[in-house]
Amino acid sequence: MVGGSCARRLARRSRSALIAALTVLLVQTLVVWNFSTLDSGEENAGSSVREKRDHIPDNKAAGSDYFQRGAERQHPPPPGRGTSRLIQQPVRQTGSEPGSAGMEGLAGTGGASARQPRLCQCAPGQLSLCISALFSLQDGYYSHRPKEKSRVDSNNENSVPKDFENIDNSNFGARSQPHRQSVGAPGGKQRLQDDARQGIVGGQQQYRRASQAQPAQLQHRHQHPHRNPATAASSEVSYDQPPKCEINGKEAISALSRAKSKGCRQQIAEVYCRHKEGQLMPEAVTRYCPIEGKVNVNIQWNEDSADGLPSKPVRIAFVLVVHGRASRQFQRLFKAIYHTSHFYYIHVDQRSNYLHRQAQALASLYSNVRVTPWRMATIWGGASLLTMYLRSMADLLAMRDWSWDFFINLSAADYPIRDNNQLVAFLSKYRRMNFIKSHGRDNARFIRKQGLDRLFFECDTHMWRLGDRKIPNGISVDGGSDWFLLNRPFVEYVINSEDDLVTNMKRFYAYTLLPAESFFHTVLENSAHCETMVDNNLRITNWNRKLGCKCQYKHIVDWCGCSPNDFKPSDFHRLQQTVRPTFFARKFEASVNQEIVNQLDAYLFGPFPQGTPGLNSYWESVYDEPDGVASLSDTQLTYYHSFARLGLARAAASLQGNQNDHSCRYFPMGHPVSVHLYFHFDQFQGYLVKHHATNLATSKLEIMETWVAPKKNFRLSTPAGSTSSRLQFAEIGTEWDAKERIFRNIGGLMGPMDETVGMQKWNKGPNVTVTVVWIDPTNVIAATYDILIDASAEFTHYRPPLNQPLRPGVWNIRILHNWSLMAEIRFLIVPLAYNKHQPIKQDDALKLHNGPVKNSYMEQSFHGLNPILNIPVSLAYVEQAKRNAAMTGSELERWVDSLVGELWEAADVCALGPTACPVMQACAKSPWSSMSPDPKSQLGEPRSDGRIR
């Protein structure tokens with residue numbers, strides 16, 4: 001009755017107003033309030049699309065937050081009046097499907113029992129106010145408040161997260177590629193439909209009362225406009241030949257929907273059908289071990305007994321599996337393990353051409369070093385890694401001039417923690433043994449967590465999960481670390497035997513996730529060699545499960561795993577332990593921390609002489625001319641050219657304004673020759689760009705190297721001792737590595753199409769909530785959100801889902817506490833001077849440099865915050881931005897250089913050869929130059945004791 005009389009009164013007052021009110025309610029019901037991912041400790045690196053994840057409470061099983069499918073109901077605030085005055089009641093967020101926030105989303109008086117306000121409760125004469133308030137919901141601001149997530153995981157090398165078997169992770173990969181549902185029988189139309197729901201991270205939300213008169217207490221929130229969950233879409237999957245069976249497994253369907261090449265889809269379909277027909281996996285395998293259960297030989301270790309060499313020392317075949325561009329770190333490892341008595345077989349990843357050239361040059365210096373004549377593109381967890389090891393073993397056995405006793409695999413991230421003599425003495429004593437690390441847990445649980453009961457197939461450099469399978473009868477499956485020391489008789493057995501165990505295990509592990517972590521274990525434990533197994537791979541691995549289990553490989557593997565962290569100086573005492581025999585440690589990355597390697601090197605071989613050049617410096621290549629400019633992004637190419645021009649401007653400035661002297665004036669020529677990252681005392685110092693230029697005085701071509709250093713772009717405003725003084729540092733970048741807590745895009749070279757991440761580093765202290773505001777070069781507020789920093793939080797990071805392209809220019813980030821400024825960060829989105837490695841044309845420049853459509857970075861506008869934050873809105877900024885967007889050629893280069901010059905400076909320039917510039921120093925004498933001496937990694941002739949270090 002109340003509702004009816006209210007409706008009648010409203011109808012009598014204004015039929016049109018009632019229609020408008022109902023229309024507003026209908027619109028509000030249909031609005032989807034989707035939030036974007038807020039990462040406080042998860043890995044986003046490696047994926048080019050915005051990942052959507054769920055927020056899982058801290059008491060959930062570790063790792064499950066990556067794959068639980070779900071969403072959180074979004075509650076709009078109660079009615080307010082515009083952006084300048086938000087009247088918001090506290091609302092408790094509940095879980096629901098995306099897009100479910102409708103009528104029930106209009107919060108009433110707040111609290112858990114808040115009820116939605118009804119339109120008919122408006123007092124007489126207040127209908128227009130209610131309608132206005134409903135429209136003002138579009139201006140409400142929302143935020144996530146993340147907590148540092150901790151993970152606990154198992155002890156094997158790359159194990160999957162806890163309770164992974166209960167998680168549906170069959171749909172990975174780019175959400176922009178629709179997943180499809182059914183694949184018909186041969187000859188019919190084969191279509192796939194999306195069956196994956198996208199997770200949404202839901203943060204704790206709190207809304208506060210605010211008024212225009214009290215801006216300091218106002219916390220503005222934005223709605224994170226996630227893209228709506230992927231809608232069902234179908235498209236044909238093409239094959240060279242139709243599948244031989246009906247493909248109805250959801251994991252196989254998902255794999256087919258995501259595979260990029262037709263050849264890969266064909267192989268997936270064939271593997272699935274063969275498995276479905278029972279032709280792929282062995283049902284039973286013969287066990288040859290005479291002993292029941294697991295054998296583990298107990299070995300004794302005496303530090304002193306390993307000092308002297310035995311009468312017949314073993315000889316070792318080191319297989320070095322390397323990738324990337326850290327050639328100096330690789331050379332330093334080689335220098336530390338080299339001895340003329342041993343053999344070194346180097347496999348360089350197929351995608352690492354620069355490192356392959358360096359390895360070939362190294363091998364030419366030593367007769368006992370060879371590079372594999374073949375190369376594979378191995379991936380983490382892939383079957384290709386096992387194939388690479390088996391092929392390397394076969395090669396080593398075929399080398400009749402290499403008489404070796406042990407096979408040891410190492411990566412460039414390894415380093416010895418005892419010298420060669422100690423290793424040889426130990427292995428000579430236990431020459432019959434095989435050293436391999438087992439998981440040390442319940443076997444059935446290990447099988448589930450390692451995914452051994454799932455069928456995988458590798459193609460398109462991806463491990464696709466295709467369904468379930470059974471473990472063969474008759475054997476005990478084992479596994480653990482994929483770093484091992486195997487004796488020659490066992491290697492010969494694995495390579496040459498055609499018995500039932502070896503042939504069927506090769507067949508089984510060809511379709512297994514992380515096969516190198518289990519194949520050798522299983523064969524050894526079930527073979528006649530089982531009594532030679534020692535459950536110790538003689539290594540120390542730096543496991544930090546809280547940081548290392550970030551599912552960082554999910555873009556190449558349909559599974560979730562863990563990786564070790566890098567050692568730091570604080571870990572040095574662990575490397576000196578003598579309780580058990582260990583000879584190698586991992587992981588080390590000189591670009592993350594070189595000091596620990598210096599400490600370990602001095603501990604093993606003695607310190608370098610005082611005054612040794614380059615001892616605390618590290619250089620790492622990021623580009624080399626033989627790679628070709630196609631290996632660079634347009635953003636990198638734009639930056640590197642600008643860096644070179646900054647160097648030429650510095651050289652000209654050395655003439656102190658003499659306009660008639662051209663001896664230090666240059667004209668840039670061609671693309672850069674090489675680019676290096678430069679570190680000193682483990683601090684990034686900038687980029688070193690080697691480039692050509694024509695001297696204007698002599699018209700001769702000269703080669704020079706420019707050191708471009710970053711300017712300080714972070715300013716802390718918080719007074720010491722205040723409650724909000726926990727903030728230590730903040731940075732904007734891409735390729736955030738949550739495991740090492742660094743940006744892998746060192747220096748933050750970003751362009752309009754990059755997905756930027758904001759990171760904050762904190763001291764421990766009381767809980768604090770901060771507001772982060774992103775401001776583009778035209779003073780448009782692109783995003784704002786709140787973060788709740790727990791007492792124990794050390795790092796937080798978040799990638800706001802900004803519409804692209806980002807407007808080029810210098811952006812500003814403000815971090816606020818109670819609307820007081822804590823810190824400011826500036827970062828550059830560089831306008832691209834190149835598109836597809838060619839000078840950009842005006843049409844492309846206008847598309848890439850004009851900012852997002854309608855100047856809207858999100859579905860919601862934040863213009864109401866400009867007066868509160870005292871950010872002036874100027875039409876002149878917008879007009880200038882439009883003019884800049886049309887620039888090409890030399891005009892564009894001048895704009896690029898002016899922007900780059902705001903955040904970078906040419907610290908120095910040197911010459912690689914003869915130069916007409918009298919004030920320019922030779923690069924070989926410039927301690928910062930990549931051409932300066934670096935004795936740590938430089939190789940030489942072996943000494944009389946067979947070593948080079």
# chains A, B, ... in the order shown; residues from 1 in each chain; ligands from 1

$ select_by_dssp --residues "segment 542-667 of chain A" --states "helix (DSSP H, G or I)" --output "VMD selection string"
chain A and resid 545 to 548 569 to 575 595 to 605 625 to 627 629 to 631 634 to 653

$ write_last_selection --atoms "N, CA and C atoms" --output "compact mmCIF listing (two decimals), in the first residue's frame"
# COMPACT_ATOMS: atom_id res chain seq x y z
N ARG A 545 59.69 -19.21 -0.54
CA ARG A 545 58.39 -19.57 -1.11
C ARG A 545 57.42 -18.39 -1.16
N LYS A 546 57.53 -17.50 -0.18
CA LYS A 546 56.62 -16.36 -0.17
C LYS A 546 56.79 -15.52 -1.43
N LEU A 547 58.03 -15.39 -1.90
CA LEU A 547 58.30 -14.56 -3.07
C LEU A 547 58.42 -15.37 -4.35
N GLY A 548 58.87 -16.63 -4.24
CA GLY A 548 59.20 -17.40 -5.43
C GLY A 548 58.03 -18.07 -6.10
N PRO A 569 73.92 -10.59 -0.34
CA PRO A 569 75.03 -10.64 0.64
C PRO A 569 74.61 -11.18 2.00
N SER A 570 73.39 -10.94 2.41
CA SER A 570 72.95 -11.44 3.71
C SER A 570 72.87 -12.96 3.75
N ASP A 571 72.93 -13.62 2.60
CA ASP A 571 72.88 -15.07 2.54
C ASP A 571 74.26 -15.72 2.53
N PHE A 572 75.30 -14.93 2.59
CA PHE A 572 76.65 -15.47 2.39
C PHE A 572 76.99 -16.58 3.39
N HIS A 573 76.52 -16.44 4.62
CA HIS A 573 76.84 -17.46 5.63
C HIS A 573 76.30 -18.83 5.25
N ARG A 574 75.21 -18.86 4.47
CA ARG A 574 74.64 -20.13 4.04
C ARG A 574 75.55 -20.84 3.06
N LEU A 575 76.32 -20.07 2.32
CA LEU A 575 77.21 -20.66 1.31
C LEU A 575 78.48 -21.21 1.93
N GLU A 595 77.48 -8.10 -5.61
CA GLU A 595 78.32 -8.13 -4.43
C GLU A 595 78.46 -9.54 -3.87
N ILE A 596 77.36 -10.32 -3.87
CA ILE A 596 77.42 -11.67 -3.34
C ILE A 596 78.35 -12.54 -4.17
N VAL A 597 78.38 -12.32 -5.47
CA VAL A 597 79.30 -13.07 -6.33
C VAL A 597 80.74 -12.67 -6.04
N ASN A 598 80.98 -11.37 -5.82
CA ASN A 598 82.32 -10.91 -5.45
C ASN A 598 82.78 -11.54 -4.14
N GLN A 599 81.87 -11.62 -3.17
CA GLN A 599 82.22 -12.21 -1.89
C GLN A 599 82.56 -13.69 -2.04
N LEU A 600 81.74 -14.40 -2.80
CA LEU A 600 81.96 -15.83 -2.99
C LEU A 600 83.23 -16.09 -3.77
N ASP A 601 83.47 -15.26 -4.78
CA ASP A 601 84.67 -15.41 -5.59
C ASP A 601 85.94 -15.19 -4.74
N ALA A 602 85.91 -14.16 -3.90
CA ALA A 602 87.06 -13.90 -3.03
C ALA A 602 87.25 -15.01 -2.00
N TYR A 603 86.15 -15.58 -1.52
CA TYR A 603 86.20 -16.68 -0.55
C TYR A 603 86.85 -17.91 -1.17
N LEU A 604 86.56 -18.18 -2.44
CA LEU A 604 87.09 -19.38 -3.10
C LEU A 604 88.51 -19.20 -3.60
N PHE A 605 88.78 -18.06 -4.21
CA PHE A 605 90.04 -17.89 -4.93
C PHE A 605 90.92 -16.77 -4.39
N GLU A 625 74.67 -4.82 -32.55
CA GLU A 625 74.35 -4.55 -33.95
C GLU A 625 74.00 -5.79 -34.77
N PRO A 626 74.73 -6.93 -34.61
CA PRO A 626 74.34 -8.12 -35.37
C PRO A 626 72.95 -8.64 -35.05
N ASP A 627 72.39 -8.23 -33.91
CA ASP A 627 71.01 -8.64 -33.59
C ASP A 627 70.02 -8.04 -34.58
N VAL A 629 67.99 -4.25 -35.83
CA VAL A 629 67.04 -3.38 -35.14
C VAL A 629 65.68 -4.04 -34.97
N ALA A 630 65.42 -5.10 -35.73
CA ALA A 630 64.14 -5.80 -35.57
C ALA A 630 64.03 -6.44 -34.19
N SER A 631 65.16 -6.62 -33.51
CA SER A 631 65.12 -7.19 -32.16
C SER A 631 64.72 -6.16 -31.11
N ASP A 634 59.92 -0.40 -30.87
CA ASP A 634 59.95 0.99 -31.35
C ASP A 634 60.25 1.95 -30.20
N THR A 635 59.79 1.60 -29.01
CA THR A 635 60.09 2.43 -27.84
C THR A 635 61.58 2.44 -27.56
N GLN A 636 62.21 1.26 -27.54
CA GLN A 636 63.65 1.20 -27.31
C GLN A 636 64.42 1.95 -28.38
N LEU A 637 64.04 1.75 -29.62
CA LEU A 637 64.74 2.40 -30.73
C LEU A 637 64.65 3.93 -30.60
N THR A 638 63.48 4.42 -30.23
CA THR A 638 63.29 5.86 -30.04
C THR A 638 64.20 6.38 -28.93
N TYR A 639 64.21 5.69 -27.81
CA TYR A 639 65.05 6.11 -26.67
C TYR A 639 66.53 6.07 -27.03
N TYR A 640 67.00 4.98 -27.63
CA TYR A 640 68.43 4.83 -27.89
C TYR A 640 68.94 5.90 -28.84
N HIS A 641 68.14 6.24 -29.85
CA HIS A 641 68.53 7.33 -30.76
C HIS A 641 68.58 8.66 -30.00
N SER A 642 67.61 8.88 -29.14
CA SER A 642 67.59 10.12 -28.37
C SER A 642 68.79 10.17 -27.42
N PHE A 643 69.12 9.05 -26.78
CA PHE A 643 70.29 9.00 -25.91
C PHE A 643 71.56 9.39 -26.67
N ALA A 644 71.68 8.86 -27.89
CA ALA A 644 72.87 9.18 -28.70
C ALA A 644 72.92 10.67 -29.02
N ARG A 645 71.78 11.27 -29.34
CA ARG A 645 71.75 12.71 -29.64
C ARG A 645 72.07 13.54 -28.40
N LEU A 646 71.63 13.06 -27.22
CA LEU A 646 72.00 13.77 -25.99
C LEU A 646 73.52 13.77 -25.80
N GLY A 647 74.16 12.67 -26.17
CA GLY A 647 75.62 12.59 -26.08
C GLY A 647 76.31 13.56 -27.03
N LEU A 648 75.77 13.66 -28.24
CA LEU A 648 76.37 14.59 -29.21
C LEU A 648 76.18 16.04 -28.74
N ALA A 649 75.03 16.33 -28.13
CA ALA A 649 74.81 17.68 -27.60
C ALA A 649 75.78 17.98 -26.47
N ARG A 650 76.09 16.97 -25.65
CA ARG A 650 77.06 17.19 -24.57
C ARG A 650 78.45 17.45 -25.15
N ALA A 651 78.81 16.71 -26.20
CA ALA A 651 80.12 16.92 -26.82
C ALA A 651 80.22 18.34 -27.37
N ALA A 652 79.17 18.80 -28.02
CA ALA A 652 79.18 20.16 -28.57
C ALA A 652 79.25 21.20 -27.46
N ALA A 653 78.60 20.91 -26.33
CA ALA A 653 78.61 21.86 -25.21
C ALA A 653 79.99 22.00 -24.60

$ residues_around --residues "Ser856 of chain A" --least-positions-apart "3" --cutoff "9 Å" --atoms "only C-alpha atoms" --output "list in words"
Val780, Ala782, Leu802, Asn803, Gly851, Pro852, Val853, Glu859, Gln860 and Ser861 of chain A

$ residues_around --residues "Asn420 of chain A" --least-positions-apart "6" --cutoff "12 Å" --atoms "only C-alpha atoms" --output "compact mmCIF listing (two decimals) with N, CA, C and O atoms, in the first residue's frame"
# COMPACT_ATOMS: atom_id res chain seq x y z
N ALA A 306 88.84 -33.77 1.50
CA ALA A 306 88.64 -33.40 0.10
C ALA A 306 89.71 -32.45 -0.41
O ALA A 306 89.63 -31.98 -1.53
N ASP A 307 90.71 -32.17 0.41
CA ASP A 307 91.72 -31.19 -0.01
C ASP A 307 92.69 -31.77 -1.03
O ASP A 307 93.09 -31.09 -1.97
N GLY A 308 93.11 -33.02 -0.86
CA GLY A 308 94.09 -33.59 -1.77
C GLY A 308 93.44 -34.34 -2.91
O GLY A 308 92.34 -34.88 -2.78
N LEU A 309 94.13 -34.41 -4.06
CA LEU A 309 93.59 -35.10 -5.22
C LEU A 309 93.89 -36.60 -5.13
O LEU A 309 94.97 -37.00 -4.70
N PRO A 313 91.84 -39.30 -10.45
CA PRO A 313 90.71 -38.37 -10.31
C PRO A 313 89.69 -38.52 -11.44
O PRO A 313 90.04 -38.86 -12.58
N VAL A 314 88.43 -38.28 -11.11
CA VAL A 314 87.39 -38.33 -12.13
C VAL A 314 87.50 -37.10 -13.03
O VAL A 314 88.05 -36.07 -12.65
N ARG A 315 86.93 -37.23 -14.22
CA ARG A 315 86.85 -36.11 -15.15
C ARG A 315 85.37 -35.83 -15.41
O ARG A 315 84.57 -36.74 -15.56
N ILE A 316 85.07 -34.58 -15.46
CA ILE A 316 83.66 -34.15 -15.46
C ILE A 316 83.29 -33.51 -16.79
O ILE A 316 84.07 -32.73 -17.35
N PHE A 334 82.15 -19.58 -15.97
CA PHE A 334 83.06 -20.47 -16.70
C PHE A 334 84.48 -20.36 -16.15
O PHE A 334 85.18 -21.37 -15.96
N LYS A 335 84.89 -19.16 -15.88
CA LYS A 335 86.23 -18.92 -15.34
C LYS A 335 86.42 -19.61 -13.99
O LYS A 335 87.49 -20.14 -13.69
N ALA A 336 85.35 -19.64 -13.19
CA ALA A 336 85.44 -20.23 -11.85
C ALA A 336 85.45 -21.75 -11.87
O ALA A 336 86.04 -22.38 -10.98
N ILE A 337 84.82 -22.38 -12.86
CA ILE A 337 84.74 -23.85 -12.88
C ILE A 337 85.72 -24.48 -13.87
O ILE A 337 85.83 -25.71 -13.92
N TYR A 338 86.45 -23.65 -14.62
CA TYR A 338 87.28 -24.22 -15.68
C TYR A 338 88.51 -24.94 -15.11
O TYR A 338 89.16 -24.50 -14.17
N HIS A 339 88.80 -26.07 -15.75
CA HIS A 339 90.05 -26.80 -15.51
C HIS A 339 90.34 -27.60 -16.77
O HIS A 339 89.43 -28.11 -17.43
N THR A 340 91.60 -27.70 -17.09
CA THR A 340 91.99 -28.39 -18.33
C THR A 340 91.63 -29.87 -18.31
O THR A 340 91.55 -30.51 -19.37
N SER A 341 91.38 -30.45 -17.14
CA SER A 341 91.07 -31.88 -17.05
C SER A 341 89.62 -32.18 -17.38
O SER A 341 89.26 -33.35 -17.59
N HIS A 342 88.77 -31.18 -17.41
CA HIS A 342 87.34 -31.41 -17.59
C HIS A 342 86.88 -30.95 -18.96
O HIS A 342 87.66 -30.41 -19.76
N PHE A 426 85.81 -35.44 -3.95
CA PHE A 426 84.57 -36.04 -3.46
C PHE A 426 84.00 -37.03 -4.47
O PHE A 426 83.62 -38.16 -4.11
N LEU A 427 83.90 -36.61 -5.74
CA LEU A 427 83.31 -37.49 -6.75
C LEU A 427 84.18 -38.71 -7.02
O LEU A 427 83.67 -39.79 -7.36
N SER A 428 85.49 -38.56 -6.87
CA SER A 428 86.39 -39.71 -7.06
C SER A 428 86.13 -40.75 -5.98
O SER A 428 86.23 -41.96 -6.23
N PHE A 583 78.47 -28.22 -3.51
CA PHE A 583 79.54 -27.69 -4.34
C PHE A 583 79.09 -26.55 -5.25
O PHE A 583 79.92 -25.85 -5.81
N PHE A 584 77.77 -26.41 -5.38
CA PHE A 584 77.25 -25.33 -6.22
C PHE A 584 76.05 -24.70 -5.52
O PHE A 584 75.41 -25.31 -4.66
N LEU A 604 86.56 -18.18 -2.44
CA LEU A 604 87.09 -19.38 -3.10
C LEU A 604 88.51 -19.20 -3.60
O LEU A 604 89.35 -20.10 -3.46
N PHE A 605 88.78 -18.06 -4.21
CA PHE A 605 90.04 -17.89 -4.93
C PHE A 605 90.92 -16.77 -4.39
O PHE A 605 91.99 -16.52 -4.93
N ASP A 945 98.44 -24.94 -13.08
CA ASP A 945 97.57 -25.82 -12.31
C ASP A 945 96.28 -26.16 -13.05
O ASP A 945 95.39 -26.81 -12.50
N GLY A 946 96.16 -25.71 -14.31
CA GLY A 946 95.01 -26.05 -15.14
C GLY A 946 93.84 -25.11 -15.02
O GLY A 946 92.85 -25.26 -15.73
N ARG A 947 93.94 -24.13 -14.13
CA ARG A 947 92.82 -23.21 -13.91
C ARG A 947 93.11 -21.85 -14.54
O ARG A 947 94.25 -21.53 -14.85
N ILE A 948 92.04 -21.06 -14.70
CA ILE A 948 92.21 -19.69 -15.18
C ILE A 948 91.72 -18.70 -14.12
O ILE A 948 91.74 -17.49 -14.35
N ARG A 949 91.27 -19.18 -12.98
CA ARG A 949 90.91 -18.30 -11.86
C ARG A 949 91.48 -18.92 -10.59
O ARG A 949 91.23 -20.10 -10.34

$ residues_around --residues "segment 686-700 of chain A" --least-positions-apart "2" --cutoff "8 Å" --atoms "only C-alpha atoms" --output "number ranges by chain"
A: 640, 643-644, 661-679, 684, 702-710, 747, 916, 929-930

$ closest_residue --among "A:Asn835, A:Thr915, A:Gln804, A:Gln279" --to "Phe508 of chain A" --atoms "only C-alpha atoms"
A:Gln279

$ select_by_dssp --residues "segment 596-766 of chain A" --states "strand (DSSP E)" --output "PyMOL selection string"
chain A and resi 617-624+666-680+683-695+701-710+714-716+727-733+736-737+742-743+757-762

$ write_last_selection --atoms "C-alpha atoms" --output "mmCIF file, in the first residue's frame"
data_model
loop_
_atom_site.group_PDB
_atom_site.id
_atom_site.type_symbol
_atom_site.label_atom_id
_atom_site.label_comp_id
_atom_site.auth_asym_id
_atom_site.auth_seq_id
_atom_site.Cartn_x
_atom_site.Cartn_y
_atom_site.Cartn_z
ATOM 1 C CA SER A 617 80.966 -2.464 -11.862
ATOM 2 C CA TYR A 618 78.774 -4.648 -14.022
ATOM 3 C CA TRP A 619 77.794 -4.298 -17.659
ATOM 4 C CA GLU A 620 75.049 -6.251 -19.399
ATOM 5 C CA SER A 621 74.226 -6.096 -23.071
ATOM 6 C CA VAL A 622 70.708 -5.214 -24.155
ATOM 7 C CA TYR A 623 71.459 -4.719 -27.865
ATOM 8 C CA ASP A 624 74.210 -5.607 -30.293
ATOM 9 C CA TYR A 666 78.606 15.863 -34.869
ATOM 10 C CA PHE A 667 75.789 14.698 -37.066
ATOM 11 C CA PRO A 668 74.239 11.347 -35.984
ATOM 12 C CA MET A 669 74.544 8.457 -38.429
ATOM 13 C CA GLY A 670 72.573 5.215 -38.534
ATOM 14 C CA HIS A 671 71.176 3.066 -35.766
ATOM 15 C CA PRO A 672 73.028 2.399 -32.489
ATOM 16 C CA VAL A 673 75.927 -0.059 -32.588
ATOM 17 C CA SER A 674 75.340 -1.508 -29.115
ATOM 18 C CA VAL A 675 73.573 -0.724 -25.852
ATOM 19 C CA HIS A 676 74.550 -1.820 -22.336
ATOM 20 C CA LEU A 677 73.103 -1.486 -18.870
ATOM 21 C CA TYR A 678 75.664 -0.066 -16.455
ATOM 22 C CA PHE A 679 75.714 -0.799 -12.705
ATOM 23 C CA HIS A 680 78.142 0.385 -10.043
ATOM 24 C CA GLN A 683 73.087 0.556 -8.350
ATOM 25 C CA PHE A 684 71.776 1.202 -11.844
ATOM 26 C CA GLN A 685 73.785 4.050 -13.343
ATOM 27 C CA GLY A 686 72.180 4.307 -16.757
ATOM 28 C CA TYR A 687 72.478 3.207 -20.371
ATOM 29 C CA LEU A 688 75.640 3.084 -22.467
ATOM 30 C CA VAL A 689 74.880 3.641 -26.148
ATOM 31 C CA LYS A 690 77.578 3.054 -28.725
ATOM 32 C CA HIS A 691 76.833 4.936 -31.961
ATOM 33 C CA HIS A 692 78.253 6.436 -35.155
ATOM 34 C CA ALA A 693 78.444 10.149 -35.901
ATOM 35 C CA THR A 694 80.068 12.319 -38.542
ATOM 36 C CA ASN A 695 82.436 14.982 -37.218
ATOM 37 C CA LEU A 701 82.845 8.984 -39.258
ATOM 38 C CA GLU A 702 83.646 8.385 -35.606
ATOM 39 C CA ILE A 703 82.419 5.781 -33.127
ATOM 40 C CA MET A 704 81.609 6.964 -29.642
ATOM 41 C CA GLU A 705 79.834 5.734 -26.545
ATOM 42 C CA THR A 706 77.416 7.889 -24.557
ATOM 43 C CA TRP A 707 76.583 7.312 -20.928
ATOM 44 C CA VAL A 708 73.053 8.521 -20.197
ATOM 45 C CA ALA A 709 72.137 8.576 -16.508
ATOM 46 C CA PRO A 710 68.635 8.860 -15.025
ATOM 47 C CA PHE A 714 61.049 10.633 -6.941
ATOM 48 C CA ARG A 715 60.481 13.275 -4.277
ATOM 49 C CA LEU A 716 59.491 12.376 -0.728
ATOM 50 C CA LEU A 727 57.065 5.171 2.450
ATOM 51 C CA GLN A 728 60.681 4.664 1.354
ATOM 52 C CA PHE A 729 60.502 4.759 -2.405
ATOM 53 C CA ALA A 730 58.091 4.552 -5.320
ATOM 54 C CA GLU A 731 58.591 3.871 -9.004
ATOM 55 C CA ILE A 732 56.618 3.446 -12.223
ATOM 56 C CA GLY A 733 57.684 0.870 -14.774
ATOM 57 C CA TRP A 736 57.471 -6.056 -12.615
ATOM 58 C CA ASP A 737 59.243 -9.092 -11.150
ATOM 59 C CA ILE A 742 62.374 -5.159 -9.342
ATOM 60 C CA PHE A 743 61.289 -3.880 -12.729
ATOM 61 C CA VAL A 757 52.782 -0.567 -13.011
ATOM 62 C CA GLY A 758 53.097 1.566 -9.890
ATOM 63 C CA MET A 759 55.322 0.197 -7.108
ATOM 64 C CA GLN A 760 55.799 1.428 -3.553
ATOM 65 C CA LYS A 761 58.396 0.283 -1.016
ATOM 66 C CA TRP A 762 57.535 0.572 2.681
#

$ atom_distance --atom1 "atom CA of Asn870 of chain A" --atom2 "atom CA of Asn812 of chain A"
13.5 Å

$ residues_around --residues "Gln360 of chain A" --least-positions-apart "5" --cutoff "9 Å" --atoms "only C-alpha atoms" --output "list in words"
Leu355, Arg370 and Val371 of chain A

$ atom_distance --atom1 "atom CA of Ala885 of chain A" --atom2 "atom CA of Met750 of chain A"
16.8 Å

$ atom_distance --atom1 "atom CA of Asp453 of chain A" --atom2 "atom CA of Ile268 of chain A"
17.7 Å

$ closest_residue --among "A:Gly479, A:Pro719, A:Pro472, A:Pro416" --to "His521 of chain A" --atoms "only C-alpha atoms"
A:Gly479

$ residues_around --residues "Leu386 of chain A" --least-positions-apart "5" --cutoff "10 Å" --atoms "only C-alpha atoms" --output "MDAnalysis selection string"
chainID A and resid 378 381 391:392 482 506 509:510 512 514:520

$ residues_around --residues "Val491 of chain A" --least-positions-apart "4" --cutoff "10 Å" --atoms "only C-alpha atoms" --output "list in words"
Leu390, Met393, Ala394, Leu396, Leu397, Asp405, Phe406, Phe407, Asn434, Leu486, Asn487, Ile495, Asn496, Ser497 and Phe520 of chain A
